[in-house]
file structure33.txt (compact mmCIF, C-alpha atoms)
# COMPACT_ATOMS: atom_id res chain seq x y z
CA MET A 1 -263.28 31.94 198.02
CA LYS A 2 -262.00 35.47 198.33
CA PRO A 3 -263.80 37.84 195.91
CA HIS A 4 -261.69 39.69 193.38
CA THR A 5 -261.77 43.28 194.51
CA LYS A 6 -259.89 46.41 193.63
CA LEU A 7 -258.86 48.66 196.48
CA HIS A 8 -260.71 51.95 196.23
CA THR A 9 -258.32 54.91 196.42
CA THR A 10 -259.22 58.54 197.09
CA VAL A 11 -257.02 61.62 197.04
CA LEU A 12 -258.18 64.53 199.21
CA ILE A 13 -256.57 67.89 198.39
CA ILE A 14 -257.13 71.14 200.27
CA PRO A 15 -254.30 73.47 199.25
CA THR A 16 -252.68 75.35 202.08
CA GLY A 17 -252.48 79.13 202.23
CA ILE A 18 -255.57 79.91 200.14
CA GLY A 19 -258.05 80.64 202.89
CA ALA A 20 -260.05 77.43 202.47
CA ALA A 21 -263.18 77.71 204.63
CA ILE A 22 -262.68 74.05 205.59
CA GLY A 23 -259.07 73.06 206.08
CA GLY A 24 -257.53 76.51 206.03
CA TYR A 25 -256.99 76.68 209.79
CA ALA A 26 -255.71 74.32 212.47
CA GLY A 27 -256.29 70.88 211.04
CA ASP A 28 -259.98 71.64 210.68
CA ALA A 29 -260.31 69.34 207.66
CA LEU A 30 -259.30 66.35 209.77
CA PRO A 31 -262.96 65.41 210.42
CA VAL A 32 -263.47 65.40 206.63
CA ALA A 33 -260.50 63.05 206.24
CA ARG A 34 -261.75 60.79 209.03
CA ALA A 35 -265.17 60.49 207.40
CA ILE A 36 -263.82 59.91 203.89
CA ALA A 37 -261.43 57.26 205.22
CA THR A 38 -264.44 55.12 206.14
CA VAL A 39 -265.84 54.99 202.59
CA THR A 40 -262.60 54.42 200.69
CA ASP A 41 -259.93 51.75 201.12
CA ARG A 42 -256.98 54.10 200.81
CA LEU A 43 -257.02 57.85 201.49
CA ILE A 44 -254.06 59.79 200.14
CA THR A 45 -253.83 63.32 201.48
CA HIS A 46 -251.29 65.87 202.58
CA PRO A 47 -250.04 67.41 205.84
CA ASN A 48 -252.32 70.46 205.71
CA VAL A 49 -255.32 68.15 205.99
CA LEU A 50 -254.02 65.85 208.74
CA ASN A 51 -251.97 68.28 210.87
CA GLY A 52 -253.76 69.76 213.88
CA ALA A 53 -250.73 71.01 215.87
CA GLN A 54 -251.09 69.13 219.15
CA LEU A 55 -254.01 67.22 217.68
CA TYR A 56 -254.02 64.47 215.07
CA TRP A 57 -255.89 61.22 214.47
CA PRO A 58 -254.17 58.00 213.41
CA LEU A 59 -255.99 56.67 210.34
CA PRO A 60 -254.69 53.20 209.38
CA ASN A 61 -255.72 53.67 205.73
CA ALA A 62 -254.50 57.26 205.30
CA TYR A 63 -251.25 58.14 203.54
CA TYR A 64 -249.53 61.35 204.63
CA VAL A 65 -247.93 62.70 201.44
CA GLU A 66 -246.21 66.07 201.31
CA GLY A 67 -247.38 68.44 198.56
CA TYR A 68 -244.36 68.21 196.26
CA GLY A 69 -244.45 64.43 196.54
CA LEU A 70 -248.18 64.49 195.83
CA ASP A 71 -247.56 66.57 192.68
CA GLN A 72 -244.98 64.03 191.45
CA PHE A 73 -247.25 61.11 192.34
CA ALA A 74 -250.16 62.70 190.46
CA ALA A 75 -247.96 63.23 187.41
CA GLY A 76 -247.04 59.56 187.39
CA GLN A 77 -243.40 60.30 188.12
CA TRP A 78 -243.32 58.87 191.66
CA GLN A 79 -245.00 55.95 193.36
CA LEU A 80 -245.92 55.58 197.03
CA LYS A 81 -244.43 52.74 199.07
CA PRO A 82 -246.26 52.06 202.36
CA VAL A 83 -244.11 51.56 205.46
CA HIS A 84 -244.53 50.27 208.99
CA GLN A 85 -242.47 53.08 210.51
CA ASN A 86 -240.06 55.80 209.39
CA ARG A 87 -237.02 56.96 211.34
CA ILE A 88 -237.56 60.71 211.68
CA GLY A 89 -234.76 63.26 211.71
CA LEU A 90 -235.48 66.53 213.54
CA LEU A 91 -234.01 69.64 211.89
CA LEU A 92 -234.18 72.80 214.01
CA ASP A 93 -233.59 76.32 212.74
CA ALA A 94 -230.54 77.97 214.34
CA ALA A 95 -232.74 81.04 214.86
CA ILE A 96 -234.87 79.29 217.49
CA GLU A 97 -234.27 80.61 220.99
CA ASP A 98 -232.98 78.18 223.65
CA ASP A 99 -236.23 77.81 225.61
CA LEU A 100 -238.30 77.35 222.48
CA ARG A 101 -235.84 74.76 221.18
CA TRP A 102 -236.15 72.86 224.47
CA ARG A 103 -239.95 72.86 224.12
CA HIS A 104 -239.59 71.21 220.70
CA LEU A 105 -237.08 68.66 221.93
CA GLN A 106 -239.41 67.78 224.78
CA ALA A 107 -242.30 67.36 222.34
CA ALA A 108 -240.05 65.03 220.32
CA ASP A 109 -239.04 63.05 223.41
CA ALA A 110 -242.71 62.78 224.38
CA ALA A 111 -243.44 61.32 220.94
CA ARG A 112 -240.72 58.73 221.52
CA ALA A 113 -241.77 57.71 225.02
CA THR A 114 -245.56 58.03 224.75
CA LEU A 115 -246.13 57.14 221.08
CA GLY A 116 -243.16 54.87 220.42
CA LEU A 117 -241.89 56.91 217.47
CA ASP A 118 -238.35 56.45 216.19
CA LEU A 119 -236.28 59.64 215.99
CA THR A 120 -232.62 60.22 215.22
CA ASP A 121 -230.46 62.64 217.18
CA TYR A 122 -231.36 66.14 216.05
CA VAL A 123 -229.49 68.68 213.94
CA VAL A 124 -229.48 72.47 214.25
CA THR A 125 -228.99 74.30 210.94
CA ASP A 126 -225.59 75.93 210.44
CA ALA A 127 -227.25 79.29 209.78
CA PRO A 128 -230.65 80.88 210.53
CA LEU A 129 -233.04 79.85 207.77
CA GLY A 130 -234.43 83.38 207.46
CA VAL A 131 -238.14 82.83 206.79
CA THR A 132 -239.94 85.68 205.02
CA LEU A 133 -243.70 85.83 204.52
CA LYS A 134 -245.71 87.29 201.66
CA GLN A 135 -249.34 87.62 200.66
CA ALA A 136 -249.84 87.67 196.90
CA ALA A 137 -252.38 89.71 194.95
CA SER A 138 -254.65 86.66 194.75
CA GLY A 139 -254.86 86.53 198.54
CA ALA A 140 -252.79 83.35 198.75
CA THR A 141 -249.89 83.38 201.19
CA TRP A 142 -246.40 82.53 200.05
CA GLY A 143 -242.97 82.76 201.56
CA THR A 144 -239.29 82.06 201.04
CA ILE A 145 -236.23 81.30 203.12
CA GLU A 146 -232.96 83.22 202.82
CA ASN A 147 -230.69 80.21 203.42
CA PRO A 148 -232.05 77.21 201.53
CA ASP A 149 -228.56 75.70 201.35
CA SER A 150 -228.42 75.57 205.15
CA LEU A 151 -231.75 73.72 205.19
CA LEU A 152 -230.45 71.14 202.73
CA ARG A 153 -227.11 70.67 204.52
CA GLY A 154 -228.95 69.95 207.75
CA ALA A 155 -231.31 67.49 206.09
CA GLU A 156 -228.41 65.73 204.41
CA ARG A 157 -226.65 65.24 207.76
CA LEU A 158 -229.80 63.72 209.25
CA ILE A 159 -230.08 61.31 206.33
CA LYS A 160 -226.42 60.31 205.99
CA GLU A 161 -225.25 60.49 209.61
CA GLY A 162 -228.53 59.90 211.46
CA GLY A 163 -230.09 57.36 209.13
CA ALA A 164 -233.28 59.39 208.86
CA GLY A 165 -235.94 58.21 206.41
CA ALA A 166 -238.15 61.27 206.97
CA ILE A 167 -237.38 64.86 207.98
CA ALA A 168 -239.30 67.09 210.41
CA VAL A 169 -238.24 70.71 209.93
CA ILE A 170 -238.87 73.30 212.60
CA ALA A 171 -238.20 76.81 211.30
CA ARG A 172 -238.41 80.02 213.36
CA PHE A 173 -241.25 82.10 211.97
CA PRO A 174 -241.74 85.82 212.60
CA ASP A 175 -243.83 86.68 215.66
CA ASP A 176 -246.39 89.36 214.82
CA GLU A 177 -249.11 88.97 217.39
CA ASP A 178 -250.69 92.34 216.59
CA SER A 179 -251.09 91.73 212.85
CA VAL A 180 -254.55 91.92 211.32
CA VAL A 181 -253.83 88.78 209.30
CA LEU A 182 -253.04 86.76 212.43
CA THR A 183 -256.05 88.15 214.29
CA ASN A 184 -258.30 87.14 211.41
CA TYR A 185 -256.74 83.68 211.27
CA ARG A 186 -257.34 83.12 214.99
CA GLN A 187 -260.97 84.07 214.36
CA GLY A 188 -261.24 81.36 211.69
CA GLN A 189 -261.25 83.87 208.86
CA GLY A 190 -258.78 85.00 206.28
CA VAL A 191 -255.71 83.11 205.15
CA ASP A 192 -253.09 81.28 207.20
CA PRO A 193 -250.16 83.73 207.04
CA LEU A 194 -247.53 81.00 207.56
CA ALA A 195 -248.79 78.38 205.13
CA GLY A 196 -247.05 79.41 201.92
CA ALA A 197 -243.61 79.57 203.52
CA GLU A 198 -244.15 76.25 205.27
CA ALA A 199 -244.98 74.59 201.96
CA VAL A 200 -241.83 75.72 200.16
CA ILE A 201 -239.63 74.50 203.03
CA SER A 202 -240.94 70.96 202.84
CA HIS A 203 -241.13 71.06 199.03
CA LEU A 204 -237.41 71.80 198.82
CA VAL A 205 -236.45 68.91 201.08
CA VAL A 206 -238.73 66.44 199.28
CA ARG A 207 -237.57 67.58 195.86
CA THR A 208 -233.89 67.26 196.81
CA PHE A 209 -233.92 64.03 198.80
CA GLN A 210 -237.14 62.25 197.69
CA ILE A 211 -238.11 61.32 201.24
CA PRO A 212 -241.10 62.39 203.37
CA CYS A 213 -240.84 65.78 205.02
CA ALA A 214 -243.17 68.05 206.95
CA HIS A 215 -242.82 71.31 208.79
CA ALA A 216 -243.84 72.76 212.14
CA PRO A 217 -243.34 76.51 212.70
CA ALA A 218 -241.59 77.66 215.88
CA LEU A 219 -243.40 80.63 217.39
CA MET A 220 -243.68 82.21 220.80
CA PRO A 221 -246.99 81.37 222.54
CA LEU A 222 -249.72 83.94 221.92
CA PRO A 223 -251.67 85.72 224.68
CA LEU A 224 -254.94 84.15 225.79
CA ASP A 225 -257.88 85.24 223.65
CA PRO A 226 -261.32 83.90 224.70
CA SER A 227 -262.76 84.67 221.24
CA ILE A 228 -260.56 82.18 219.31
CA SER A 229 -262.47 80.30 216.61
CA PRO A 230 -262.88 76.54 217.17
CA ARG A 231 -261.27 76.07 213.72
CA SER A 232 -258.04 77.68 214.96
CA ALA A 233 -258.15 76.43 218.55
CA ALA A 234 -255.84 73.43 218.05
CA GLU A 235 -252.90 75.80 217.63
CA GLU A 236 -253.54 77.51 220.97
CA ILE A 237 -253.13 74.54 223.31
CA GLY A 238 -249.41 73.88 223.42
CA TYR A 239 -245.92 75.28 223.01
CA THR A 240 -245.29 73.60 219.62
CA PHE A 241 -247.04 72.41 216.46
CA LEU A 242 -244.78 69.38 216.31
CA PRO A 243 -246.78 66.34 217.56
CA CYS A 244 -249.01 66.03 214.48
CA VAL A 245 -245.99 66.31 212.18
CA LEU A 246 -244.16 63.50 213.95
CA ALA A 247 -247.27 61.32 214.01
CA GLY A 248 -247.80 61.88 210.29
CA LEU A 249 -244.19 61.35 209.25
CA SER A 250 -243.86 58.18 211.29
CA ARG A 251 -246.03 56.30 208.77
CA ALA A 252 -245.73 58.50 205.69
CA PRO A 253 -245.14 56.38 202.58
CA GLN A 254 -241.71 56.47 201.03
CA PHE A 255 -241.33 57.57 197.42
CA ALA A 256 -240.20 55.32 194.61
CA MET A 257 -239.48 56.43 191.09
CA GLN A 258 -241.72 55.50 188.19
CA GLY A 259 -240.85 52.06 186.87
CA VAL A 260 -239.70 50.53 190.15
CA SER A 261 -241.75 47.38 190.46
CA ALA A 262 -243.15 46.03 193.72
CA SER A 263 -246.59 44.72 194.62
CA GLU A 264 -247.20 47.19 197.44
CA MET A 265 -246.60 50.32 195.35
CA ILE A 266 -249.44 52.80 194.93
CA THR A 267 -249.51 54.55 191.56
CA ALA A 268 -251.58 57.43 190.21
CA ASP A 269 -253.47 55.20 187.79
CA GLN A 270 -254.93 53.37 190.81
CA VAL A 271 -256.65 56.52 192.07
CA ASP A 272 -260.44 56.37 191.80
CA THR A 273 -261.55 59.75 193.14
CA VAL A 274 -259.92 63.11 193.74
CA ILE A 275 -261.67 65.77 195.85
CA LEU A 276 -260.84 69.46 195.70
CA PRO A 277 -262.44 72.77 196.68
CA ALA A 278 -264.44 73.98 193.67
CA THR A 279 -262.40 77.19 193.26
CA ALA A 280 -258.94 75.70 193.77
CA PHE A 281 -258.16 73.64 190.69
CA GLY A 282 -255.00 75.53 189.77
CA GLY A 283 -252.42 73.25 191.31
CA SER A 284 -250.15 70.81 189.53
CA ALA A 285 -251.73 67.73 191.13
CA SER A 286 -255.27 68.67 190.15
CA MET A 287 -254.20 69.28 186.56
CA SER A 288 -252.39 65.93 186.47
CA PHE A 289 -255.32 64.00 187.94
CA GLY A 290 -257.64 65.84 185.56
CA GLN A 291 -255.97 63.94 182.74
CA THR A 292 -256.51 60.49 184.31
CA GLN A 293 -259.58 58.25 184.58
CA ALA A 294 -260.16 59.32 188.19
CA THR A 295 -263.51 60.88 189.10
CA ILE A 296 -262.80 64.46 190.12
CA ILE A 297 -265.15 65.94 192.71
CA ALA A 298 -265.44 69.72 193.21
CA VAL A 299 -266.83 70.85 196.59
CA ALA A 300 -268.61 74.20 196.44
CA ASP A 301 -268.98 74.69 200.22
CA ASN A 302 -265.23 74.83 200.68
CA GLN A 303 -264.79 78.38 199.47
CA THR A 304 -261.28 79.74 199.01
CA LYS A 305 -259.61 82.98 197.93
CA MET A 306 -258.90 81.41 194.54
CA GLU A 307 -261.19 81.62 191.53
CA VAL A 308 -259.95 78.71 189.44
CA SER A 309 -262.71 76.26 188.63
CA ALA A 310 -262.35 72.88 186.97
CA ASN A 311 -264.29 74.19 183.98
CA ALA A 312 -261.93 77.13 183.49
CA LEU A 313 -259.05 74.69 183.01
CA GLY A 314 -260.94 72.15 180.92
CA ILE A 315 -261.13 69.56 183.71
CA GLU A 316 -264.29 67.48 183.96
CA ALA A 317 -265.56 67.35 187.55
CA VAL A 318 -268.60 66.21 189.49
CA GLN A 319 -269.96 69.31 191.22
CA VAL A 320 -271.20 68.75 194.77
CA ARG A 321 -272.26 71.20 197.41
CA SER A 322 -270.58 69.68 200.46
CA TYR A 323 -268.14 67.06 201.69
CA LEU A 324 -271.18 65.10 202.84
CA GLU A 325 -272.27 64.81 199.21
CA ALA A 326 -268.70 64.01 198.13
CA ILE A 327 -268.68 61.14 200.63
CA GLY A 328 -271.90 59.92 199.06
CA VAL A 329 -270.38 59.97 195.58
CA ILE A 330 -267.35 58.00 196.80
CA ALA A 331 -269.48 55.45 198.66
CA ALA A 332 -271.64 54.92 195.60
CA GLN A 333 -268.64 54.54 193.30
CA ARG A 334 -267.01 52.03 195.64
CA ALA A 335 -270.27 50.06 195.66
CA GLY A 336 -270.34 50.07 191.85
CA VAL A 337 -273.34 52.41 191.74
CA HIS A 338 -273.38 55.47 189.48
CA TYR A 339 -274.18 58.46 191.72
CA GLY A 340 -276.74 59.67 189.16
CA ALA A 341 -278.93 56.69 190.00
CA LEU A 342 -279.39 58.08 193.51
CA GLY A 343 -281.18 61.20 192.29
CA SER A 344 -284.90 61.63 191.71
CA ARG A 345 -284.54 62.21 187.96
CA ILE A 346 -282.91 59.80 185.51
CA GLU A 347 -282.90 60.78 181.83
CA ARG A 348 -283.44 58.17 179.11
CA LEU A 349 -280.45 57.02 177.12
CA SER A 350 -279.91 58.74 173.83
CA GLY A 351 -277.71 57.87 170.86
CA LEU A 352 -274.19 59.14 170.56
CA MET B 1 -229.12 78.94 195.66
CA ARG B 2 -231.94 81.36 196.40
CA MET B 3 -235.72 81.27 196.40
CA VAL B 4 -237.62 83.82 194.35
CA PHE B 5 -241.36 84.50 194.22
CA VAL B 6 -242.66 85.21 190.70
CA THR B 7 -246.06 85.91 189.13
CA PRO B 8 -246.02 85.24 185.38
CA LYS B 9 -249.09 85.20 183.15
CA VAL B 10 -249.29 82.18 180.84
CA PRO B 11 -251.61 81.82 177.82
CA LEU B 12 -254.43 79.35 178.38
CA GLN B 13 -254.00 76.10 176.44
CA ALA B 14 -256.33 73.57 174.85
CA SER B 15 -255.92 71.04 177.67
CA PRO B 16 -254.71 70.85 181.27
CA ASP B 17 -251.54 68.95 180.34
CA LEU B 18 -250.58 71.54 177.74
CA LEU B 19 -251.20 74.28 180.30
CA GLN B 20 -249.02 72.45 182.83
CA GLN B 21 -246.24 72.18 180.27
CA ALA B 22 -246.57 75.85 179.34
CA ILE B 23 -246.43 76.93 182.98
CA GLU B 24 -243.38 74.83 183.75
CA ALA B 25 -241.62 76.00 180.61
CA GLU B 26 -242.26 79.63 181.55
CA LEU B 27 -241.01 79.08 185.11
CA ARG B 28 -237.90 77.26 183.84
CA ARG B 29 -236.98 80.41 181.92
CA ILE B 30 -236.57 82.02 185.36
CA GLY B 31 -235.30 79.14 187.54
CA GLU B 32 -236.17 75.66 188.77
CA PRO B 33 -239.88 75.46 189.74
CA LEU B 34 -240.44 74.52 193.38
CA ARG B 35 -244.10 75.29 193.95
CA TRP B 36 -246.67 76.88 191.65
CA ALA B 37 -250.38 77.34 191.18
CA VAL B 38 -252.77 79.02 188.82
CA THR B 39 -254.47 81.55 191.08
CA GLY B 40 -256.73 83.22 188.54
CA VAL B 41 -258.01 82.87 184.98
CA ASP B 42 -258.68 85.83 182.69
CA GLU B 43 -260.94 84.45 179.99
CA SER B 44 -261.11 87.72 178.04
CA ALA B 45 -257.31 87.90 177.83
CA ASN B 46 -257.05 84.10 177.56
CA THR B 47 -254.39 83.95 180.26
CA ALA B 48 -253.73 82.08 183.51
CA GLN B 49 -252.23 84.05 186.38
CA VAL B 50 -249.53 81.91 187.98
CA GLU B 51 -247.90 82.41 191.38
CA ALA B 52 -244.73 80.44 192.03
CA VAL B 53 -241.53 80.05 193.97
CA VAL B 54 -238.53 79.08 191.84
CA MET B 55 -234.96 78.21 192.81
CA ILE B 56 -232.16 80.16 191.20
CA GLU B 57 -228.55 78.99 191.43
CA THR B 58 -226.19 81.61 192.76
CA THR B 59 -222.55 81.74 191.70

call {"tool": "encode", "arguments": {"input": "structure33.txt", "output": "structure tokens"}}
result
Amino acid sequence: MKPHTKLHTTVLIIPTGIGAAIGGYAGDALPVARAIATVTDRLITHPNVLNGAQLYWPLPNAYYVEGYGLDQFAAGQWQLKPVHQNRIGLLLDAAIEDDLRWRHLQAADAARATLGLDLTDYVVTDAPLGVTLKQAASGATWGTIENPDSLLRGAERLIKEGGAGAIAVIARFPDDEDSVVLTNYRQGQGVDPLAGAEAVISHLVVRTFQIPCAHAPALMPLPLDPSISPRSAAEEIGYTFLPCVLAGLSRAPQFAMQGVSASEMITADQVDTVILPATAFGGSASMSFGQTQATIIAVADNQTKMEVSANALGIEAVQVRSYLEAIGVIAAQRAGVHYGALGSRIERLSGL
Amino acid sequence: MRMVFVTPKVPLQASPDLLQQAIEAELRRIGEPLRWAVTGVDESANTAQVEAVVMIETT
């Protein structure tokens, strides 16, 4: 007889563009995701965690959910519908130079021939997207694009004419190889200068079309630097950052609105644990999950430029030092063991 | 439409959901919220510093 069991579901959030010590660089939180995926039945996380430029790792129980979609899911507005495979539409910024565009098309063709991914014919935007970068007073990086309408027109063509069920956007980002910010980033310090702009690009597509989307920046290759940090090294080994995006989008869950009924849907009320850096509780998803029954875990080791604790926002969280401890809390919960029972000191019960 | 980066301060609320509602209401006074986060809390002033990108329709 099959035992009645509930699938254990974990959400791992490491916001992009906030200088997270773990996960703020080139897919350097992917080992964390791989480890957590072994102690939970379903791991829901976002592109910043799973994207390592040329590097990625297929996790059968991981769900690649873009940040805007994750916010809507956390708020109970959207549900996640697992898929076998998405048809991916490639949207290239008109500002990308010919050679660089060819490198991206070759990366896409490689994903088709070597990984068996399904891609539509590509679209080039009808105007340069015009990416601009900004670092806010908090230290977080943000950005905007000058031609959002061009982005949306291109995505709409891929969906309506190409039959795309997911969109991979490649926008031309400014080259600034002498900048202090970039130098710091390549040394595994500071904040990813591109992250904030990347997030708003995919957010806009997901918000408008309610389908999976992720972004890979188009940049000229940087000169060799033997002192590159291991955390940033994955972005030094190829001409594009596209392979991880295509791998992620190929099995990203589709979105369904609240109320649509189907047995395979994943809803926010099924989430058991949510893990965040201890100083980065200021996002919409963390506030939404903070109002559910999920166990929220705050990881102190993963320092960021933010200073927004769970306590400051009235969110109850289990404070752990490291992701190793977080994994222990999840494993205990999944086994039906309160994590407090694993410590050396257990207080007596007292009356309410 | 155009994207605009804004940095409003929002009074802290009694609960996370009320704070979320207050943030989104403040951002909707400017445009349609696309991405936002509380990036700092000033407990003496009882405010949350918000950074956000909103969409504004152009005529």

call {"tool": "atom_distance", "arguments": {"input": "structure33.txt", "atom1": "CA of Pro128 in chain A", "atom2": "CA of Gly154 in chain A"}}
result
11.4 Å

call {"tool": "residues_around", "arguments": {"input": "structure33.txt", "residues": "Ala74 in chain A", "least_positions_apart": "2", "cutoff": "8 Å", "atoms": "all atoms listed in the file", "output": "CSV table (one decimal) with C-alpha atoms, in the coordinates of the input"}}
result
chain,number,residue,atom,x,y,z
A,70,LEU,CA,-248.2,64.5,195.8
A,71,ASP,CA,-247.6,66.6,192.7
A,72,GLN,CA,-245.0,64.0,191.4
A,76,GLY,CA,-247.0,59.6,187.4
A,77,GLN,CA,-243.4,60.3,188.1
A,78,TRP,CA,-243.3,58.9,191.7
A,268,ALA,CA,-251.6,57.4,190.2
A,285,ALA,CA,-251.7,67.7,191.1
A,286,SER,CA,-255.3,68.7,190.2
A,288,SER,CA,-252.4,65.9,186.5
A,289,PHE,CA,-255.3,64.0,187.9

call {"tool": "closest_residue", "arguments": {"input": "structure33.txt", "among": "A:Val308, A:Ala111, A:Ala294, A:Ala127", "to": "Ile145 in chain A", "atoms": "all atoms listed in the file"}}
result
A:Ala127

call {"tool": "interface_residues", "arguments": {"input": "structure33.txt", "of": "chain A", "to": "chain B", "cutoff": "8 Å", "atoms": "all atoms listed in the file", "output": "number ranges by chain"}}
result
A: 68, 136, 138, 142-149, 200, 203-204, 207, 280-284, 287-288, 290-291, 306-308, 312-315

call {"tool": "write_last_selection", "arguments": {"input": "structure33.txt", "atoms": "C-alpha atoms", "output": "PDB file, keeping the file's coordinate frame"}}
result
ATOM      1  CA  TYR A  68    -244.360  68.210 196.260  1.00  0.00           C
ATOM      2  CA  ALA A 136    -249.840  87.670 196.900  1.00  0.00           C
ATOM      3  CA  SER A 138    -254.650  86.660 194.750  1.00  0.00           C
ATOM      4  CA  TRP A 142    -246.400  82.530 200.050  1.00  0.00           C
ATOM      5  CA  GLY A 143    -242.970  82.760 201.560  1.00  0.00           C
ATOM      6  CA  THR A 144    -239.290  82.060 201.040  1.00  0.00           C
ATOM      7  CA  ILE A 145    -236.230  81.300 203.120  1.00  0.00           C
ATOM      8  CA  GLU A 146    -232.960  83.220 202.820  1.00  0.00           C
ATOM      9  CA  ASN A 147    -230.690  80.210 203.420  1.00  0.00           C
ATOM     10  CA  PRO A 148    -232.050  77.210 201.530  1.00  0.00           C
ATOM     11  CA  ASP A 149    -228.560  75.700 201.350  1.00  0.00           C
ATOM     12  CA  VAL A 200    -241.830  75.720 200.160  1.00  0.00           C
ATOM     13  CA  HIS A 203    -241.130  71.060 199.030  1.00  0.00           C
ATOM     14  CA  LEU A 204    -237.410  71.800 198.820  1.00  0.00           C
ATOM     15  CA  ARG A 207    -237.570  67.580 195.860  1.00  0.00           C
ATOM     16  CA  ALA A 280    -258.940  75.700 193.770  1.00  0.00           C
ATOM     17  CA  PHE A 281    -258.160  73.640 190.690  1.00  0.00           C
ATOM     18  CA  GLY A 282    -255.000  75.530 189.770  1.00  0.00           C
ATOM     19  CA  GLY A 283    -252.420  73.250 191.310  1.00  0.00           C
ATOM     20  CA  SER A 284    -250.150  70.810 189.530  1.00  0.00           C
ATOM     21  CA  MET A 287    -254.200  69.280 186.560  1.00  0.00           C
ATOM     22  CA  SER A 288    -252.390  65.930 186.470  1.00  0.00           C
ATOM     23  CA  GLY A 290    -257.640  65.840 185.560  1.00  0.00           C
ATOM     24  CA  GLN A 291    -255.970  63.940 182.740  1.00  0.00           C
ATOM     25  CA  MET A 306    -258.900  81.410 194.540  1.00  0.00           C
ATOM     26  CA  GLU A 307    -261.190  81.620 191.530  1.00  0.00           C
ATOM     27  CA  VAL A 308    -259.950  78.710 189.440  1.00  0.00           C
ATOM     28  CA  ALA A 312    -261.930  77.130 183.490  1.00  0.00           C
ATOM     29  CA  LEU A 313    -259.050  74.690 183.010  1.00  0.00           C
ATOM     30  CA  GLY A 314    -260.940  72.150 180.920  1.00  0.00           C
ATOM     31  CA  ILE A 315    -261.130  69.560 183.710  1.00  0.00           C
TER      32      ILE A 315
END

call {"tool": "residues_around", "arguments": {"input": "structure33.txt", "residues": "range 169-175 of chain A", "least_positions_apart": "4", "cutoff": "10 Å", "atoms": "all atoms listed in the file", "output": "ChimeraX atom specification"}}
result
/A:89-97,100-101,104,123-125,128-133,145,151,154-155,179,182,194,197-198,201-202,205,213-222,240-242,245

call {"tool": "axis_aligned_box", "arguments": {"input": "structure33.txt", "around": "range 4-23 of chain B", "padding_each_side": "4 Å", "output": "AutoDock Vina command-line options"}}
result
--center_x -247.0 --center_y 77.4 --center_z 184.6 --size_x 26.7 --size_y 25.0 --size_z 27.5

call {"tool": "residues_around", "arguments": {"input": "structure33.txt", "residues": "Gln319 in chain A", "least_positions_apart": "2", "cutoff": "10 Å", "atoms": "all atoms listed in the file", "output": "compact mmCIF listing (two decimals) with C-alpha atoms, keeping the file's coordinate frame"}}
result
# COMPACT_ATOMS: atom_id res chain seq x y z
CA PRO A 277 -262.44 72.77 196.68
CA ALA A 278 -264.44 73.98 193.67
CA ILE A 296 -262.80 64.46 190.12
CA ILE A 297 -265.15 65.94 192.71
CA ALA A 298 -265.44 69.72 193.21
CA VAL A 299 -266.83 70.85 196.59
CA ALA A 300 -268.61 74.20 196.44
CA ALA A 310 -262.35 72.88 186.97
CA GLU A 316 -264.29 67.48 183.96
CA ALA A 317 -265.56 67.35 187.55
CA ARG A 321 -272.26 71.20 197.41
CA SER A 322 -270.58 69.68 200.46
CA GLU A 325 -272.27 64.81 199.21
CA ALA A 326 -268.70 64.01 198.13

call {"tool": "residues_around", "arguments": {"input": "structure33.txt", "residues": "Gln79 in chain A", "least_positions_apart": "6", "cutoff": "10 Å", "atoms": "only C-alpha atoms", "output": "ChimeraX atom specification"}}
result
/A:69-70,72-73,253-261,264-268

call {"tool": "atom_distance", "arguments": {"input": "structure33.txt", "atom1": "CA of Val181 in chain A", "atom2": "CA of Ala199 in chain A"}}
result
18.3 Å

call {"tool": "decode", "arguments": {"input": "structure33.txt", "residues": "range 4-21 of chain B", "atoms": "C-alpha atoms", "output": "short mmCIF file (atom, residue, chain, number, x, y, z; two decimals), in the first residue's frame"}}
result
data_model
loop_
_atom_site.label_atom_id
_atom_site.label_comp_id
_atom_site.auth_asym_id
_atom_site.auth_seq_id
_atom_site.Cartn_x
_atom_site.Cartn_y
_atom_site.Cartn_z
CA VAL B 4 11.07 55.02 -14.63
CA PHE B 5 13.19 54.31 -11.54
CA VAL B 6 11.72 55.77 -8.33
CA THR B 7 12.66 55.74 -4.64
CA PRO B 8 9.67 56.56 -2.43
CA LYS B 9 9.61 56.26 1.35
CA VAL B 10 6.55 54.45 2.71
CA PRO B 11 5.40 54.44 6.36
CA LEU B 12 5.93 51.10 8.09
CA GLN B 13 2.71 49.18 8.71
CA ALA B 14 1.46 46.77 11.35
CA SER B 15 1.95 43.70 9.15
CA PRO B 16 3.78 42.63 5.99
CA ASP B 17 0.58 42.48 3.92
CA LEU B 18 -0.40 46.01 4.91
CA LEU B 19 3.10 47.19 4.03
CA GLN B 20 2.86 45.46 0.64
CA GLN B 21 -0.45 47.17 -0.02
#
